[in-house]
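Student: So here's my_file19.csv, just CSV, C-alpha atoms:
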```
chain,number,residue,atom,x,y,z
A,28,MET,CA,128.7,74.2,59.0
A,29,GLN,CA,131.9,73.5,57.3
A,30,VAL,CA,135.2,75.3,58.2
A,31,ARG,CA,138.0,75.6,55.8
A,32,HIS,CA,141.1,77.7,55.6
A,33,ILE,CA,142.4,79.2,52.3
A,34,ASP,CA,146.0,78.1,53.2
A,35,THR,CA,144.8,74.4,53.4
A,36,ILE,CA,143.1,74.5,50.0
A,37,ALA,CA,145.6,73.2,47.4
A,38,PRO,CA,145.8,75.7,44.5
A,39,VAL,CA,145.3,74.5,40.9
A,40,ALA,CA,148.1,76.0,38.9
A,41,LEU,CA,147.3,76.8,35.3
A,42,PRO,CA,149.7,78.7,33.1
A,43,GLY,CA,149.6,82.2,34.7
A,44,ILE,CA,146.7,81.5,37.0
A,45,GLU,CA,146.7,80.2,40.6
A,46,HIS,CA,143.2,79.1,41.4
A,47,ARG,CA,141.5,77.9,44.6
A,48,THR,CA,137.9,76.8,44.8
A,49,LEU,CA,136.7,78.0,48.2
A,50,ALA,CA,133.2,76.7,47.9
A,51,ASN,CA,131.3,74.5,45.4
A,52,ARG,CA,128.9,71.6,45.2
A,53,ALA,CA,131.6,69.1,46.1
A,54,ALA,CA,132.2,71.1,49.3
A,55,GLY,CA,128.5,71.2,50.1
A,56,ILE,CA,127.3,74.5,48.5
A,57,ALA,CA,124.9,73.7,45.7
A,58,SER,CA,123.9,77.1,44.5
A,59,PHE,CA,127.1,78.9,43.6
A,60,GLU,CA,130.9,78.6,43.6
A,61,VAL,CA,133.4,80.9,45.2
A,62,TRP,CA,136.9,81.1,43.6
A,63,GLN,CA,140.0,82.9,44.6
A,64,GLN,CA,142.5,83.6,41.8
A,65,ALA,CA,145.8,85.2,41.3
A,66,LEU,CA,146.8,86.1,37.7
A,67,ALA,CA,150.6,86.4,37.4
A,68,GLN,CA,152.2,89.5,35.9
A,69,GLY,CA,151.7,89.6,32.1
A,70,THR,CA,149.0,86.9,31.9
A,71,ALA,CA,145.3,86.9,31.0
A,72,THR,CA,142.4,84.6,31.1
A,73,PRO,CA,141.0,83.3,27.8
A,74,LEU,CA,138.2,85.2,26.3
A,75,HIS,CA,135.3,83.3,27.7
A,76,ARG,CA,131.7,83.3,28.9
A,77,HIS,CA,129.7,81.4,31.5
A,78,ASP,CA,126.1,80.3,31.3
A,79,CYS,CA,125.5,81.8,34.8
A,80,GLU,CA,125.8,85.1,36.6
A,81,GLU,CA,129.2,86.1,37.9
A,82,VAL,CA,130.5,88.7,40.3
A,83,ILE,CA,134.2,89.5,40.5
A,84,VAL,CA,135.7,91.4,43.4
A,85,PHE,CA,139.3,92.5,42.8
A,86,THR,CA,141.5,92.7,45.8
A,87,GLY,CA,145.1,93.4,44.6
A,88,GLY,CA,147.1,94.4,41.5
A,89,HIS,CA,146.0,96.2,38.4
A,90,GLY,CA,144.5,95.0,35.2
A,91,VAL,CA,141.7,95.4,32.7
A,92,MET,CA,138.5,93.6,31.9
A,93,ARG,CA,137.9,93.4,28.2
A,94,HIS,CA,134.3,93.3,27.3
A,95,ALA,CA,132.1,94.5,24.4
A,96,GLY,CA,135.0,96.3,22.8
A,97,ARG,CA,136.1,98.2,25.8
A,98,GLU,CA,138.7,97.9,28.5
A,99,VAL,CA,137.6,98.5,32.1
A,100,PRO,CA,140.4,99.3,34.6
A,101,CYS,CA,140.4,96.9,37.5
A,102,GLY,CA,142.2,97.1,40.8
A,103,PRO,CA,141.6,96.7,44.5
A,104,GLY,CA,137.9,97.5,45.2
A,105,THR,CA,136.6,97.1,41.7
A,106,VAL,CA,133.5,95.0,41.5
A,107,LEU,CA,132.2,93.6,38.2
A,108,LEU,CA,128.7,92.2,37.8
A,109,CYS,CA,128.4,90.0,34.7
A,110,ALA,CA,125.2,88.8,33.3
A,111,PRO,CA,125.1,85.2,31.9
A,112,ASN,CA,127.0,84.7,28.6
A,113,GLU,CA,128.7,88.1,28.5
A,114,LEU,CA,132.1,87.4,26.8
A,115,HIS,CA,134.9,88.7,28.8
A,116,GLN,CA,138.7,88.5,29.4
A,117,ILE,CA,140.7,89.6,32.4
A,118,VAL,CA,144.2,90.9,31.7
A,119,ASN,CA,146.9,91.6,34.2
A,120,THR,CA,148.5,94.9,33.1
A,121,GLY,CA,150.3,95.6,36.3
A,122,ASP,CA,153.7,94.7,37.8
A,123,ALA,CA,152.3,92.3,40.4
A,124,ALA,CA,149.7,89.5,40.7
A,125,LEU,CA,146.2,90.5,40.0
A,126,THR,CA,144.0,89.0,42.7
A,127,LEU,CA,140.3,88.5,42.9
A,128,TYR,CA,137.4,86.6,44.2
A,129,GLY,CA,134.9,85.2,41.7
A,130,ILE,CA,131.4,84.2,42.6
A,131,LEU,CA,129.4,82.2,40.0
A,132,SER,CA,125.8,81.2,40.2
A,133,ALA,CA,126.2,77.5,39.2
A,134,SER,CA,128.1,74.5,40.4
A,135,PRO,CA,129.8,73.2,38.4
A,136,VAL,CA,130.3,76.3,36.2
A,137,PRO,CA,129.8,75.9,32.5
A,138,VAL,CA,132.4,77.9,30.6
A,139,MET,CA,132.6,78.4,26.8
A,140,ASP,CA,134.9,80.2,24.5
A,141,ALA,CA,133.8,82.9,22.0
A,142,ASP,CA,132.5,80.3,19.6
A,143,GLY,CA,130.5,78.4,22.2
A,144,ASN,CA,132.9,75.5,22.6
A,145,PRO,CA,133.1,74.2,26.1
A,146,ILE,CA,136.3,75.1,28.0
A,147,PRO,CA,136.9,72.3,30.5
A,148,LEU,CA,138.0,73.5,33.9
A,149,PRO,CA,140.8,71.7,35.6
A,150,TRP,CA,139.3,72.3,39.1
B,22,MET,CA,128.5,94.2,32.5
B,23,GLN,CA,128.2,96.6,35.4
B,24,VAL,CA,131.3,98.2,37.0
B,25,ARG,CA,131.3,99.4,40.6
B,26,HIS,CA,133.9,100.4,43.1
B,27,ILE,CA,133.6,99.5,46.8
B,28,ASP,CA,134.6,103.0,47.7
B,29,THR,CA,131.6,104.5,45.9
B,30,ILE,CA,129.1,102.1,47.6
B,31,ALA,CA,127.7,103.9,50.6
B,32,PRO,CA,128.0,101.8,53.7
B,33,VAL,CA,125.0,101.0,55.9
B,34,ALA,CA,126.1,101.6,59.5
B,35,LEU,CA,124.3,99.4,62.0
B,36,PRO,CA,125.5,99.4,65.7
B,37,GLY,CA,128.9,97.8,65.4
B,38,ILE,CA,128.5,96.7,61.8
B,39,GLU,CA,129.6,98.5,58.6
B,40,HIS,CA,127.8,96.8,55.7
B,41,ARG,CA,128.1,97.2,52.0
B,42,THR,CA,126.0,95.3,49.4
B,43,LEU,CA,128.4,94.7,46.5
B,44,ALA,CA,125.9,92.8,44.4
B,45,ASN,CA,122.2,92.0,44.7
B,46,ARG,CA,119.0,91.8,42.6
B,47,ALA,CA,118.6,95.6,42.6
B,48,ALA,CA,122.1,95.8,41.1
B,49,GLY,CA,121.3,93.2,38.4
B,50,ILE,CA,122.3,89.9,40.0
B,51,ALA,CA,119.3,87.7,40.7
B,52,SER,CA,120.8,84.5,42.0
B,53,PHE,CA,122.9,85.7,45.0
B,54,GLU,CA,124.1,88.6,47.1
B,55,VAL,CA,127.6,89.6,47.9
B,56,TRP,CA,128.2,91.6,51.1
B,57,GLN,CA,131.3,93.2,52.6
B,58,GLN,CA,131.1,93.7,56.3
B,59,ALA,CA,133.3,95.1,59.1
B,60,LEU,CA,132.4,94.3,62.7
B,61,ALA,CA,133.9,96.8,65.1
B,62,GLN,CA,135.9,95.7,68.0
B,63,GLY,CA,133.7,94.2,70.8
B,64,THR,CA,130.7,93.7,68.6
B,65,ALA,CA,128.7,90.7,67.3
B,66,THR,CA,125.9,89.9,64.9
B,67,PRO,CA,122.7,88.7,66.3
B,68,LEU,CA,122.2,85.0,66.6
B,69,HIS,CA,120.4,84.4,63.2
B,70,ARG,CA,119.8,82.1,60.3
B,71,HIS,CA,119.1,82.5,56.6
B,72,ASP,CA,116.8,80.4,54.5
B,73,CYS,CA,119.5,80.1,51.9
B,74,GLU,CA,123.1,78.9,51.6
B,75,GLU,CA,125.9,81.2,52.8
B,76,VAL,CA,129.7,81.3,52.4
B,77,ILE,CA,131.7,83.7,54.5
B,78,VAL,CA,135.3,84.5,53.7
B,79,PHE,CA,137.2,86.3,56.5
B,80,THR,CA,139.8,88.9,55.4
B,81,GLY,CA,141.0,90.6,58.5
B,82,GLY,CA,140.8,90.7,62.3
B,83,HIS,CA,140.0,87.9,64.7
B,84,GLY,CA,136.7,86.5,66.0
B,85,VAL,CA,134.7,83.4,66.5
B,86,MET,CA,131.7,81.8,64.8
B,87,ARG,CA,129.2,80.5,67.4
B,88,HIS,CA,127.3,77.6,66.0
B,89,ALA,CA,125.7,74.4,67.4
B,90,GLY,CA,127.3,74.9,70.8
B,91,ARG,CA,130.8,75.5,69.6
B,92,GLU,CA,133.0,78.5,68.8
B,93,VAL,CA,135.1,78.3,65.6
B,94,PRO,CA,138.0,80.7,65.5
B,95,CYS,CA,137.9,83.0,62.5
B,96,GLY,CA,140.6,85.2,61.0
B,97,PRO,CA,142.1,86.1,57.6
B,98,GLY,CA,141.7,83.1,55.3
B,99,THR,CA,138.9,81.3,57.2
B,100,VAL,CA,136.1,80.2,55.0
B,101,LEU,CA,132.8,79.0,56.5
B,102,LEU,CA,130.2,77.1,54.4
B,103,CYS,CA,126.7,77.4,56.0
B,104,ALA,CA,123.8,75.2,55.0
B,105,PRO,CA,120.4,76.9,54.9
B,106,ASN,CA,118.9,77.6,58.4
B,107,GLU,CA,122.0,76.9,60.5
B,108,LEU,CA,121.8,79.2,63.4
B,109,HIS,CA,125.0,81.2,63.8
B,110,GLN,CA,126.5,84.3,65.3
B,111,ILE,CA,129.8,86.1,64.4
B,112,VAL,CA,131.6,87.7,67.4
B,113,ASN,CA,134.6,90.0,67.1
B,114,THR,CA,137.0,88.9,69.8
B,115,GLY,CA,140.0,90.8,68.5
B,116,ASP,CA,141.4,94.3,68.9
B,117,ALA,CA,140.6,95.5,65.4
B,118,ALA,CA,137.7,95.3,63.0
B,119,LEU,CA,136.7,91.8,61.9
B,120,THR,CA,136.2,92.0,58.1
B,121,LEU,CA,134.6,89.6,55.8
B,122,TYR,CA,132.8,88.9,52.5
B,123,GLY,CA,129.5,87.1,52.7
B,124,ILE,CA,127.8,85.4,49.8
B,125,LEU,CA,124.2,84.3,50.1
B,126,SER,CA,122.2,82.3,47.6
B,127,ALA,CA,119.1,84.5,47.6
B,128,SER,CA,118.2,88.1,46.8
B,129,PRO,CA,116.7,89.5,48.9
B,130,VAL,CA,118.1,87.4,51.8
B,131,PRO,CA,115.5,86.1,54.3
B,132,VAL,CA,116.9,86.4,57.8
B,133,MET,CA,115.4,85.0,61.0
B,134,ASP,CA,116.2,85.0,64.7
B,135,ALA,CA,116.5,81.8,66.8
B,136,ASP,CA,112.7,81.7,67.2
B,137,GLY,CA,112.0,82.1,63.5
B,138,ASN,CA,110.9,85.7,63.6
B,139,PRO,CA,112.0,87.7,60.6
B,140,ILE,CA,114.9,90.1,61.1
B,141,PRO,CA,114.4,93.0,58.7
B,142,LEU,CA,117.6,94.1,57.0
B,143,PRO,CA,118.3,97.8,56.7
B,144,TRP,CA,120.0,97.3,53.3
```
Represent the structure from my file as structure tokens, please.
Tutor:
Amino acid sequence: MQVRHIDTIAPVALPGIEHRTLANRAAGIASFEVWQQALAQGTATPLHRHDCEEVIVFTGGHGVMRHAGREVPCGPGTVLLCAPNELHQIVNTGDAALTLYGILSASPVPVMDADGNPIPLPW
Amino acid sequence: MQVRHIDTIAPVALPGIEHRTLANRAAGIASFEVWQQALAQGTATPLHRHDCEEVIVFTGGHGVMRHAGREVPCGPGTVLLCAPNELHQIVNTGDAALTLYGILSASPVPVMDADGNPIPLPW
């Protein structure tokens, strides 16, 4: 059993997104990855899809999930279950960080843009 | 994409454990399950193991993880990465609920006691 603490996991800072990988293949978990992210006020992820399942649990802030032409409100307690390759985008529409856990059923996680071009992840 | 809210997911109340399944095969996610649990003050899980990987993210309270003859302190921000079939037990040693997310790489999740006897899950 491996013991980690979120505060000791160095965040990867992308423009507008603070990302921590809590678990992945490199850390000894082969089947899935667990991410913690905070999207700064006024920011959004790219429109993207993963070739794996994803569950997102929102823990703080307010935003929307853009998917299939609709905007789903997201805030503390919202849980989104995404099938593989569903295009989606998370947008922070609130006045504070939008925080979440993401669980993805592959490690590493293959990410593509709307045209199917790979989006390399910096973590 | 499926949208849920934790407050609308009915908890399963075991003695000392309030459990919610946020995602599983029945909800459309085949590769893993996501659980939210609150262990009441003074309670513990059974000593058990799963025949799958597990990651636990603690979000509130204080407790210990008993594993391989040691007790690992657990509180907000502790992340435990468990290989398949590692015997473990979570004990709430604090004065409030011990809250966590558990992610398990199978759905349904096979759970056994220390002797290998199946522990049926009520959720």
Student: Hey, which bits of region 41-143 of chain B sit within 10 Å of region 108-126 of chain A, and for each residue what's the closest pair of atoms and how far apart in Å (one decimal), counting only C-alpha atoms, rows by chain and increasing number, as CSV?
Tutor:
```
residue,atom,partner,partner_atom,distance
B:Leu43,CA,A:Leu108,CA,9.1
B:Ala44,CA,A:Leu108,CA,7.2
B:Asn45,CA,A:Leu108,CA,9.5
B:Ala48,CA,A:Leu108,CA,8.2
B:Gly49,CA,A:Leu108,CA,7.5
B:Ile50,CA,A:Leu108,CA,7.1
B:Ala51,CA,A:Ala110,CA,9.5
```
Student: Compare B:Leu60, B:Val100, B:Cys95, B:Ala47 by their minimum atom-to-atom distance to Ser128 (chain B), counting all atoms listed in the file, and give me the closest one.
Tutor: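 With all atoms listed in the file as the atom set, the closest residue is B:Ala47.
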Student: Which of these, B:Gly123, B:Pro131, B:Gly98, B:Pro139, has the shortest distance to chain A once you count all atoms listed in the file?
Tutor: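 The answer is B:Gly98, which sits nearest to chain A.
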Student: Calculate how many Å separate CA of Gln58 (chain B) from CA of Glu45 (chain A), rounding to one decimal.
Tutor: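 CA of Gln58 (chain B) sits 25.9 Å away from CA of Glu45 (chain A).
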Student: List as a ChimeraX atom specification the protein and nucleic acid residues near Leu131 (chain A), meaning an atom at most 8 Å away when only C-alpha atoms are counted, but skip any in the same chain fewer than 3 places from it.
Tutor: /A:59-61,79-82,134,136
Student: Provide the CA of Ile124 (chain B) to CA of Gln57 (chain B) distance in Å, to one decimal place.
Tutor: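 Result for CA of Ile124 (chain B) versus CA of Gln57 (chain B): 9.0 Å, one decimal.
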Student: How far is it from CA of Thr105 (chain A) to CA of Val24 (chain B), in Å with one decimal?
Tutor: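 One can read the CA of Thr105 (chain A) to CA of Val24 (chain B) distance as 7.2 Å.
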Student: Pick from A:Ser58, A:Pro103, A:Val84, A:Arg76: nearest to Pro135 (chain A), with all atoms listed in the file counted?
Tutor: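 Nearest candidate to Pro135 (chain A) out of A:Ser58, A:Pro103, A:Val84, A:Arg76: A:Ser58.
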Student: Might you pull out every residue within 9 Å of Asp140 (chain A), with only C-alpha atoms counted and same-chain residues fewer than 2 positions away left off, and present them as a list in words?
Tutor: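 Once the adjacent positions are removed, what remains is Pro73, Leu74, His75, Arg76, His77, Leu114, Val138, Asp142, Gly143, Asn144, Pro145 and Ile146 of chain A.
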Student: Taking all atoms listed in the file into account, which of A:Gln29, A:Thr86, A:Thr70, A:Thr48 comes nearest chain B?
Tutor: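 Closest residue, counting all atoms listed in the file: A:Gln29.
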Student: Find the residue from A:Val39, A:Ala71, A:Met139, A:Leu148 that sits nearest to Met92 (chain A); use only C-alpha atoms when measuring.
Tutor: A:Ala71
